[in-house]
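Peer 1: This is the structure I have questions about; it appears just below.
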Amino acid sequence: MSEECCGPAEPPRGGAPRRPLLLRSGPSPASDNLPPSPVVAAGCGDDDGDACCGPRLASAATLASATSPASAAEPTGGPPVAAPWWRDRALLPSAVSGVALIVGYGFEWGGTPAAAVAFHAIALLAGASTFVPDTLRRLARGRLGVGLLMTIAAIGAVLLGHVGEAAALAFLFSLAETLEGRAMSRAKDGLRALLALLPETAIVVRTGGTATVPASEVRRGDVLQLGAGDRAATDGIVREGRSNVDTSAVTGESIPVQLEPGDAIAAGTIAISGALRIEATADGRDNSLTQIVELVRQAHAKKGNRARLADRIARPLVPTVLVLALLIVAFGFLVGDPALWTERALVVLVAASPCALAIAVPVTVISAIGSASKLGVVITSGAAFEQFGTIRTIAFDKTGTLTMNDPRVVEVVPGAAWTGQGVVDLAAALEAVSGHPLASAITAAGEAPLTATDVEELAGLGIAGQVDGAAVRVGNTRWLPPLGMEVAAETLAGNGMTVVVVEVDGSIAGLIGVRDELRPDAADAIDQLSRLGIRSLMLTGDNTQTAQALASQAGIAEVHAEQLPADKARVIERLASKTPTAMVGDGINDAPALATATVGIAMGTHGSAAAIESADIAFTGSDLRLLPSAFAHARRGRRIMTVNIALALAIIVVLFPLALFGVLGLAGVVLVHEAAELLVILNGVRAARRR
């Protein structure tokens, strides 16, 4: 969508600058690279990328108001969920068209031509109803596209008496268009799912007590009470309390962050241990998560303007053919033989009828997409497939994409008179009663069933207690400085580990390194991508040391660490402006980058709903080495599609002069068209084969 079409964009609501952890609440964080783009209000058509949406616009704040749980509760108690395909009414015309087409062919083969024509006519009308009205509306606005090509192809086939052929083309095209429309609808549901991460209510500290208010009514400056397990309703600054928090919604970091007074906290962050009082620095309707939604919408709007390959060919072809046909008729009147030249104009129009061109892309795309699913790749649209085969750069998120998203003890450095397992067993005795996410990693590494008593968990610091009569403390390096083991602690941190210090009776017993390990297939996948000529890089919200350490193991040289969602989107946009770029991620914080990339690939097996809905492709496999195979498959499919288009255009170029000078009549043109279409279909089906 463009400002020429819909008018100037409405800027997001202003606000004070934020701490670095948060997305800004003022002008869009990506405003330096993403042009202002209005949010499409409900009811705005998105049948094609260049269609004018009209004046109905909504700001990010309006979107938050319209879709947040506080203001628009869903009957099911959650965000809207797309209906399964067999219950989607939008697919009904295509289904009717397909069934009628098959029945018509049955009658034709059975020697009942009248019934065959009747059912083929039903199939044609049902299929055409999904794209002809939109095509005519676009034509009235002076916009040409593949829909007009399809309409001309169907009319030409009917004029020649080939109703079945016209019905087949209408069915294939209507099915492809409807499935793409369904993909766009699912993307909108994903944006609502993002906003559902905000709580419905917030506890606001008032004079003389607290009050529970809708989250949308929180204003900048309000003081909010956040208990263990609660989500932050908006962005803020911690004023009282300490707690470990889950910030994965914004940073994607798998290991919890410790917050204390003065630290920033983002909307959607979950307090894991301890209570916090935070001062809101953003309104409930204009915060980090609503900004993520706005970034995703901006990216989708920009993507919608990218013309499909067939559209780029259709724009010059259709008007050229129509003008030439009119010129031939006019020439007939000039030479005094209008009947002959009008007939030739009709033959020329039929010869240039893009039947083979109209079917060249859909048959290849459908074949290739179906086959790609066997590689664990679910492609949501034909446009995504066309772009998939062009990728030359791929950016990977770290947590949950290149790593297992399962922190484990990977190294132990014992102190004097201690063994590594002894240090782990002591820590495991205390962590067995802890709710800290790292506790499960340490507990899993323990072997001796030691029992801890008088256990006290200190929010944001660690845990203390008695184990076999000894006073044991387990915590971070800020609480328990690793005296005498500073070099070892720095080495562990430099290798991308979270350092846990174990102290016994006031002396350091040892250090435990916990890390989310690299997938065993990641390095091989990166190597295979490199051999395909695809450059790989890492894009993560985690700290630089962790990112560099894991990137080195995976064989990735370029690393962008400590990236917020807006930062990721800016990096991807910069890369995509130079070369076709894919983004692979799984978290909510990856949604803007996935939507901005030439092709967004979400980890479908464990990815967040928001990431999956923002992406063009869902990777449902468990082995990253399937991705290089999928890229190679897409490249081959694109080559076949290009050959099909070239063949279809060549037929038009050859037939045109033959029809113009009367060498071929209608019968000859029909015969060549039938042969060309059969060849195009057979070539397109080859895309289903995987090497």
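Chain lettering (A, B, ...) mirrors the order of the structure tokens, residue numbering begins at 1 for each chain separately, and ligand numbering begins at 1 in order of display.
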Give me the residues near segment 198-205 of chain A as a PDB file with N, CA, C and O atoms, in the first residue's frame, where near means some atom within 9 Å (using only C-alpha atoms) and where sequence neighbours in that chain fewer than 3 positions away do not count.
Peer 2:
ATOM      1  N   SER A  68      -6.917  -5.609  21.965  1.00  0.00           N
ATOM      2  CA  SER A  68      -6.408  -6.040  23.256  1.00  0.00           C
ATOM      3  C   SER A  68      -7.479  -6.766  24.037  1.00  0.00           C
ATOM      4  O   SER A  68      -8.660  -6.499  23.927  1.00  0.00           O
ATOM      5  N   PRO A  69      -7.082  -7.722  24.904  1.00  0.00           N
ATOM      6  CA  PRO A  69      -8.058  -8.484  25.660  1.00  0.00           C
ATOM      7  C   PRO A  69      -8.915  -7.612  26.543  1.00  0.00           C
ATOM      8  O   PRO A  69     -10.047  -7.944  26.854  1.00  0.00           O
ATOM      9  N   ALA A  70      -8.366  -6.472  26.956  1.00  0.00           N
ATOM     10  CA  ALA A  70      -9.115  -5.631  27.870  1.00  0.00           C
ATOM     11  C   ALA A  70     -10.283  -4.951  27.218  1.00  0.00           C
ATOM     12  O   ALA A  70     -11.260  -4.618  27.859  1.00  0.00           O
ATOM     13  N   SER A  71     -10.204  -4.731  25.927  1.00  0.00           N
ATOM     14  CA  SER A  71     -11.232  -3.962  25.268  1.00  0.00           C
ATOM     15  C   SER A  71     -12.061  -4.729  24.289  1.00  0.00           C
ATOM     16  O   SER A  71     -13.094  -4.267  23.849  1.00  0.00           O
ATOM     17  N   LEU A 194      -0.215 -11.480  19.384  1.00  0.00           N
ATOM     18  CA  LEU A 194       0.843 -10.715  20.038  1.00  0.00           C
ATOM     19  C   LEU A 194       0.278  -9.862  21.166  1.00  0.00           C
ATOM     20  O   LEU A 194       0.785  -9.859  22.285  1.00  0.00           O
ATOM     21  N   LEU A 195      -0.785  -9.137  20.875  1.00  0.00           N
ATOM     22  CA  LEU A 195      -1.376  -8.260  21.879  1.00  0.00           C
ATOM     23  C   LEU A 195      -2.008  -9.041  23.020  1.00  0.00           C
ATOM     24  O   LEU A 195      -2.177  -8.534  24.125  1.00  0.00           O
ATOM     25  N   GLY A 208      -3.449   4.938  49.767  1.00  0.00           N
ATOM     26  CA  GLY A 208      -4.231   4.152  50.709  1.00  0.00           C
ATOM     27  C   GLY A 208      -4.474   2.723  50.274  1.00  0.00           C
ATOM     28  O   GLY A 208      -5.220   2.004  50.941  1.00  0.00           O
ATOM     29  N   GLY A 209      -3.859   2.249  49.184  1.00  0.00           N
ATOM     30  CA  GLY A 209      -4.070   0.860  48.780  1.00  0.00           C
ATOM     31  C   GLY A 209      -3.795   0.647  47.297  1.00  0.00           C
ATOM     32  O   GLY A 209      -3.081   1.432  46.668  1.00  0.00           O
ATOM     33  N   THR A 210      -4.373  -0.411  46.761  1.00  0.00           N
ATOM     34  CA  THR A 210      -4.196  -0.732  45.344  1.00  0.00           C
ATOM     35  C   THR A 210      -5.558  -0.864  44.676  1.00  0.00           C
ATOM     36  O   THR A 210      -6.572  -1.091  45.346  1.00  0.00           O
ATOM     37  N   ALA A 211      -5.562  -0.751  43.366  1.00  0.00           N
ATOM     38  CA  ALA A 211      -6.798  -0.895  42.590  1.00  0.00           C
ATOM     39  C   ALA A 211      -6.487  -1.679  41.326  1.00  0.00           C
ATOM     40  O   ALA A 211      -5.439  -1.495  40.705  1.00  0.00           O
ATOM     41  N   THR A 212      -7.399  -2.575  40.960  1.00  0.00           N
ATOM     42  CA  THR A 212      -7.259  -3.347  39.727  1.00  0.00           C
ATOM     43  C   THR A 212      -8.003  -2.635  38.610  1.00  0.00           C
ATOM     44  O   THR A 212      -9.200  -2.367  38.722  1.00  0.00           O
ATOM     45  N   VAL A 213      -7.281  -2.306  37.537  1.00  0.00           N
ATOM     46  CA  VAL A 213      -7.869  -1.561  36.426  1.00  0.00           C
ATOM     47  C   VAL A 213      -7.577  -2.301  35.127  1.00  0.00           C
ATOM     48  O   VAL A 213      -6.629  -3.093  35.043  1.00  0.00           O
ATOM     49  N   PRO A 214      -8.372  -2.073  34.078  1.00  0.00           N
ATOM     50  CA  PRO A 214      -8.038  -2.654  32.772  1.00  0.00           C
ATOM     51  C   PRO A 214      -6.659  -2.190  32.320  1.00  0.00           C
ATOM     52  O   PRO A 214      -6.289  -1.025  32.503  1.00  0.00           O
ATOM     53  N   ALA A 215      -5.900  -3.089  31.731  1.00  0.00           N
ATOM     54  CA  ALA A 215      -4.535  -2.754  31.309  1.00  0.00           C
ATOM     55  C   ALA A 215      -4.513  -1.584  30.331  1.00  0.00           C
ATOM     56  O   ALA A 215      -3.559  -0.801  30.305  1.00  0.00           O
ATOM     57  N   SER A 216      -5.559  -1.463  29.523  1.00  0.00           N
ATOM     58  CA  SER A 216      -5.602  -0.382  28.535  1.00  0.00           C
ATOM     59  C   SER A 216      -5.731   0.992  29.184  1.00  0.00           C
ATOM     60  O   SER A 216      -5.494   2.012  28.536  1.00  0.00           O
ATOM     61  N   GLU A 217      -6.101   1.047  30.477  1.00  0.00           N
ATOM     62  CA  GLU A 217      -6.274   2.327  31.163  1.00  0.00           C
ATOM     63  C   GLU A 217      -5.024   2.765  31.919  1.00  0.00           C
ATOM     64  O   GLU A 217      -5.023   3.823  32.547  1.00  0.00           O
ATOM     65  N   VAL A 218      -3.975   1.954  31.888  1.00  0.00           N
ATOM     66  CA  VAL A 218      -2.724   2.338  32.546  1.00  0.00           C
ATOM     67  C   VAL A 218      -2.118   3.529  31.815  1.00  0.00           C
ATOM     68  O   VAL A 218      -2.076   3.567  30.583  1.00  0.00           O
ATOM     69  N   ASP A 222       1.952   5.918  36.289  1.00  0.00           N
ATOM     70  CA  ASP A 222       1.299   5.040  37.257  1.00  0.00           C
ATOM     71  C   ASP A 222       2.311   4.079  37.863  1.00  0.00           C
ATOM     72  O   ASP A 222       3.265   3.647  37.195  1.00  0.00           O
ATOM     73  N   VAL A 223       2.112   3.731  39.133  1.00  0.00           N
ATOM     74  CA  VAL A 223       2.958   2.738  39.801  1.00  0.00           C
ATOM     75  C   VAL A 223       2.184   1.421  39.841  1.00  0.00           C
ATOM     76  O   VAL A 223       1.071   1.358  40.358  1.00  0.00           O
ATOM     77  N   LEU A 224       2.783   0.365  39.270  1.00  0.00           N
ATOM     78  CA  LEU A 224       2.116  -0.921  39.152  1.00  0.00           C
ATOM     79  C   LEU A 224       2.741  -1.939  40.093  1.00  0.00           C
ATOM     80  O   LEU A 224       3.969  -1.965  40.278  1.00  0.00           O
ATOM     81  N   GLN A 225       1.887  -2.773  40.679  1.00  0.00           N
ATOM     82  CA  GLN A 225       2.340  -3.870  41.540  1.00  0.00           C
ATOM     83  C   GLN A 225       2.401  -5.138  40.697  1.00  0.00           C
ATOM     84  O   GLN A 225       1.427  -5.515  40.050  1.00  0.00           O
ATOM     85  N   LEU A 226       3.564  -5.817  40.704  1.00  0.00           N
ATOM     86  CA  LEU A 226       3.762  -7.018  39.895  1.00  0.00           C
ATOM     87  C   LEU A 226       4.198  -8.144  40.813  1.00  0.00           C
ATOM     88  O   LEU A 226       5.259  -8.073  41.441  1.00  0.00           O
ATOM     89  N   ASP A 230       3.275 -12.778  37.363  1.00  0.00           N
ATOM     90  CA  ASP A 230       2.482 -11.768  36.653  1.00  0.00           C
ATOM     91  C   ASP A 230       3.253 -11.214  35.452  1.00  0.00           C
ATOM     92  O   ASP A 230       4.483 -11.170  35.445  1.00  0.00           O
ATOM     93  N   ARG A 231       2.488 -10.761  34.449  1.00  0.00           N
ATOM     94  CA  ARG A 231       3.061 -10.083  33.289  1.00  0.00           C
ATOM     95  C   ARG A 231       2.965  -8.575  33.477  1.00  0.00           C
ATOM     96  O   ARG A 231       1.971  -8.074  34.006  1.00  0.00           O
ATOM     97  N   ALA A 232       3.979  -7.876  33.006  1.00  0.00           N
ATOM     98  CA  ALA A 232       3.944  -6.416  33.043  1.00  0.00           C
ATOM     99  C   ALA A 232       2.952  -5.908  32.003  1.00  0.00           C
ATOM    100  O   ALA A 232       3.004  -6.309  30.843  1.00  0.00           O
ATOM    101  N   ALA A 233       2.056  -5.031  32.423  1.00  0.00           N
ATOM    102  CA  ALA A 233       1.011  -4.527  31.523  1.00  0.00           C
ATOM    103  C   ALA A 233       1.557  -3.507  30.536  1.00  0.00           C
ATOM    104  O   ALA A 233       0.962  -3.273  29.486  1.00  0.00           O
ATOM    105  N   THR A 234       2.675  -2.875  30.868  1.00  0.00           N
ATOM    106  CA  THR A 234       3.276  -1.896  29.967  1.00  0.00           C
ATOM    107  C   THR A 234       4.748  -1.747  30.312  1.00  0.00           C
ATOM    108  O   THR A 234       5.264  -2.434  31.208  1.00  0.00           O
ATOM    109  N   ALA A 267       6.905  -4.375  28.466  1.00  0.00           N
ATOM    110  CA  ALA A 267       5.554  -4.931  28.472  1.00  0.00           C
ATOM    111  C   ALA A 267       5.612  -6.405  28.083  1.00  0.00           C
ATOM    112  O   ALA A 267       6.336  -6.792  27.171  1.00  0.00           O
ATOM    113  N   GLY A 268       4.844  -7.230  28.797  1.00  0.00           N
ATOM    114  CA  GLY A 268       4.807  -8.652  28.515  1.00  0.00           C
ATOM    115  C   GLY A 268       5.846  -9.451  29.274  1.00  0.00           C
ATOM    116  O   GLY A 268       5.819 -10.678  29.262  1.00  0.00           O
ATOM    117  N   ARG A 277       7.595  -3.337  42.159  1.00  0.00           N
ATOM    118  CA  ARG A 277       6.776  -2.153  41.920  1.00  0.00           C
ATOM    119  C   ARG A 277       7.457  -1.371  40.799  1.00  0.00           C
ATOM    120  O   ARG A 277       8.641  -1.045  40.900  1.00  0.00           O
ATOM    121  N   GLY A 284      -0.809   1.950  28.539  1.00  0.00           N
ATOM    122  CA  GLY A 284      -1.146   0.552  28.325  1.00  0.00           C
ATOM    123  C   GLY A 284      -1.453   0.214  26.883  1.00  0.00           C
ATOM    124  O   GLY A 284      -1.384  -0.951  26.488  1.00  0.00           O
ATOM    125  N   LEU A 289       5.042  -4.099  23.042  1.00  0.00           N
ATOM    126  CA  LEU A 289       4.350  -5.096  22.238  1.00  0.00           C
ATOM    127  C   LEU A 289       3.505  -4.457  21.143  1.00  0.00           C
ATOM    128  O   LEU A 289       3.440  -4.977  20.023  1.00  0.00           O
TER     129      LEU A 289
END
Peer 1: What's around segment 513-523 of chain A at 10 Å? Count only C-alpha atoms, leave out sequence neighbours fewer than 4 positions away in its own chain, and write the answer as a count of residues only.
Peer 2: 48
Peer 1: As a ChimeraX atom specification, list the residues of segment 363-596 of chain A assigned to helix (DSSP H, G or I) by DSSP on the backbone atoms of this structure.
Peer 2: /A:363-375,382-388,398-402,420-431,437-445,486-494,522-531,544-554,565-576,588-596
Peer 1: Convert the current residue selection to file output with C-alpha atoms, as a JSON list (two decimals), in the first residue's frame.
Peer 2:
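That gives us out39.json:
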[["chain", "number", "residue", "atom", "x", "y", "z"],
["A", 363, "VAL", "CA", 0.97, -25.65, -11.75],
["A", 364, "THR", "CA", 4.66, -25.28, -10.87],
["A", 365, "VAL", "CA", 3.99, -23.60, -7.53],
["A", 366, "ILE", "CA", 1.39, -26.15, -6.44],
["A", 367, "SER", "CA", 3.66, -29.05, -7.38],
["A", 368, "ALA", "CA", 6.72, -27.60, -5.66],
["A", 369, "ILE", "CA", 4.90, -26.50, -2.49],
["A", 370, "GLY", "CA", 3.38, -29.95, -2.02],
["A", 371, "SER", "CA", 6.75, -31.61, -2.40],
["A", 372, "ALA", "CA", 8.47, -29.11, -0.07],
["A", 373, "SER", "CA", 6.24, -30.23, 2.80],
["A", 374, "LYS", "CA", 8.14, -33.53, 2.78],
["A", 375, "LEU", "CA", 11.25, -31.54, 3.68],
["A", 382, "GLY", "CA", 2.90, -18.74, -4.21],
["A", 383, "ALA", "CA", 4.58, -15.37, -3.68],
["A", 384, "ALA", "CA", 6.62, -16.84, -0.83],
["A", 385, "PHE", "CA", 7.70, -19.75, -3.02],
["A", 386, "GLU", "CA", 8.78, -17.41, -5.82],
["A", 387, "GLN", "CA", 10.98, -15.47, -3.39],
["A", 388, "PHE", "CA", 12.24, -18.58, -1.58],
["A", 398, "LYS", "CA", 19.99, -17.98, 18.26],
["A", 399, "THR", "CA", 17.70, -19.19, 21.01],
["A", 400, "GLY", "CA", 15.44, -22.02, 19.95],
["A", 401, "THR", "CA", 16.63, -21.85, 16.34],
["A", 402, "LEU", "CA", 20.34, -22.62, 16.40],
["A", 420, "GLY", "CA", 33.11, -31.20, 40.05],
["A", 421, "GLN", "CA", 30.27, -33.62, 40.79],
["A", 422, "GLY", "CA", 30.40, -32.76, 44.48],
["A", 423, "VAL", "CA", 29.92, -29.06, 43.67],
["A", 424, "VAL", "CA", 26.95, -29.87, 41.39],
["A", 425, "ASP", "CA", 25.36, -32.18, 44.00],
["A", 426, "LEU", "CA", 25.47, -29.45, 46.65],
["A", 427, "ALA", "CA", 23.88, -26.92, 44.30],
["A", 428, "ALA", "CA", 21.28, -29.45, 43.16],
["A", 429, "ALA", "CA", 20.19, -30.06, 46.75],
["A", 430, "LEU", "CA", 19.19, -26.40, 47.09],
["A", 431, "GLU", "CA", 17.90, -25.93, 43.53],
["A", 437, "PRO", "CA", 14.60, -21.76, 35.27],
["A", 438, "LEU", "CA", 18.29, -22.62, 35.70],
["A", 439, "ALA", "CA", 17.43, -24.81, 38.69],
["A", 440, "SER", "CA", 16.17, -27.62, 36.47],
["A", 441, "ALA", "CA", 19.50, -27.68, 34.57],
["A", 442, "ILE", "CA", 21.52, -27.99, 37.79],
["A", 443, "THR", "CA", 19.11, -30.49, 39.34],
["A", 444, "ALA", "CA", 19.29, -32.67, 36.24],
["A", 445, "ALA", "CA", 23.10, -32.77, 36.53],
["A", 486, "GLU", "CA", 37.95, -14.76, 38.85],
["A", 487, "VAL", "CA", 39.87, -15.95, 35.79],
["A", 488, "ALA", "CA", 37.86, -19.19, 35.62],
["A", 489, "ALA", "CA", 34.61, -17.22, 35.93],
["A", 490, "GLU", "CA", 35.64, -14.90, 33.09],
["A", 491, "THR", "CA", 36.58, -17.88, 30.93],
["A", 492, "LEU", "CA", 33.20, -19.52, 31.45],
["A", 493, "ALA", "CA", 31.41, -16.26, 30.66],
["A", 494, "GLY", "CA", 33.60, -15.77, 27.61],
["A", 522, "ALA", "CA", 23.45, -26.63, 13.18],
["A", 523, "ALA", "CA", 27.09, -26.54, 12.05],
["A", 524, "ASP", "CA", 26.46, -29.02, 9.23],
["A", 525, "ALA", "CA", 23.43, -27.02, 8.07],
["A", 526, "ILE", "CA", 25.46, -23.79, 7.97],
["A", 527, "ASP", "CA", 28.19, -25.55, 5.98],
["A", 528, "GLN", "CA", 25.68, -26.88, 3.44],
["A", 529, "LEU", "CA", 24.15, -23.42, 3.04],
["A", 530, "SER", "CA", 27.61, -22.00, 2.40],
["A", 531, "ARG", "CA", 28.16, -24.55, -0.37],
["A", 544, "THR", "CA", 27.57, -10.62, 22.86],
["A", 545, "GLN", "CA", 29.76, -13.20, 24.64],
["A", 546, "THR", "CA", 27.14, -15.94, 24.42],
["A", 547, "ALA", "CA", 26.32, -15.11, 20.80],
["A", 548, "GLN", "CA", 29.97, -15.03, 19.68],
["A", 549, "ALA", "CA", 30.76, -18.32, 21.40],
["A", 550, "LEU", "CA", 27.87, -20.21, 19.84],
["A", 551, "ALA", "CA", 28.35, -18.58, 16.42],
["A", 552, "SER", "CA", 31.95, -19.78, 16.42],
["A", 553, "GLN", "CA", 30.79, -23.35, 17.09],
["A", 554, "ALA", "CA", 28.21, -23.13, 14.29],
["A", 565, "PRO", "CA", 12.86, -6.44, 17.82],
["A", 566, "ALA", "CA", 13.16, -3.07, 16.07],
["A", 567, "ASP", "CA", 16.93, -3.52, 15.73],
["A", 568, "LYS", "CA", 16.46, -6.94, 14.14],
["A", 569, "ALA", "CA", 13.96, -5.51, 11.67],
["A", 570, "ARG", "CA", 16.37, -2.71, 10.72],
["A", 571, "VAL", "CA", 19.24, -5.15, 10.15],
["A", 572, "ILE", "CA", 17.04, -7.40, 8.00],
["A", 573, "GLU", "CA", 15.73, -4.45, 5.98],
["A", 574, "ARG", "CA", 19.28, -3.27, 5.31],
["A", 575, "LEU", "CA", 20.35, -6.75, 4.19],
["A", 576, "ALA", "CA", 17.22, -7.29, 2.06],
["A", 588, "ILE", "CA", 7.70, -13.18, 19.52],
["A", 589, "ASN", "CA", 10.65, -10.81, 19.34],
["A", 590, "ASP", "CA", 11.47, -12.22, 15.90],
["A", 591, "ALA", "CA", 8.06, -11.31, 14.40],
["A", 592, "PRO", "CA", 9.05, -7.89, 12.94],
["A", 593, "ALA", "CA", 12.22, -9.32, 11.37],
["A", 594, "LEU", "CA", 10.33, -12.32, 9.97],
["A", 595, "ALA", "CA", 7.79, -10.01, 8.37],
["A", 596, "THR", "CA", 10.47, -7.63, 7.04]]
Peer 1: Restricting the calculation to only C-alpha atoms, which member of A:Gly156, A:Gly227, A:Gly462, A:Pro628 is positioned closest to Gln258 of chain A?
Peer 2: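 Residue with the minimum atom-to-atom distance to Gln258 of chain A: A:Gly462.
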Peer 1: By how many Å are atom CA of Ala168 of chain A and atom CA of Ser129 of chain A apart?
Peer 2: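 Computed distance, atom CA of Ala168 of chain A to atom CA of Ser129 of chain A, equals 13.8 Å.
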Peer 1: Using only C-alpha atoms, which residues sit within 12 Å of Arg473 of chain A once same-chain residues fewer than 4 positions away are excluded, as a ChimeraX atom specification?
Peer 2: /A:423,426-431,452,454-458,461-467,477,479-481,500-511
Peer 1: So, counting only C-alpha atoms, which residue among A:Ala351, A:Gly475, A:Gly587, A:Asp286 is closest to Ala648 of chain A?
Peer 2: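 Answer, going by the shortest atom-to-atom distance: A:Ala351.
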Peer 1: Could you please determine the separation between atom CA of Arg535 of chain A and atom CA of Ala688 of chain A in Å, to one decimal place?
Peer 2: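 Calculated distance between atom CA of Arg535 of chain A and atom CA of Ala688 of chain A is 26.5 Å.
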Peer 1: Enumerate, as a ChimeraX atom specification, the complete set of residues in segment 89-276 of chain A that a backbone-based DSSP assignment places in strand (DSSP E).
Peer 2: /A:201-206,209-214,223-226,236-240,243-246,257-259,264-265,270-271,276
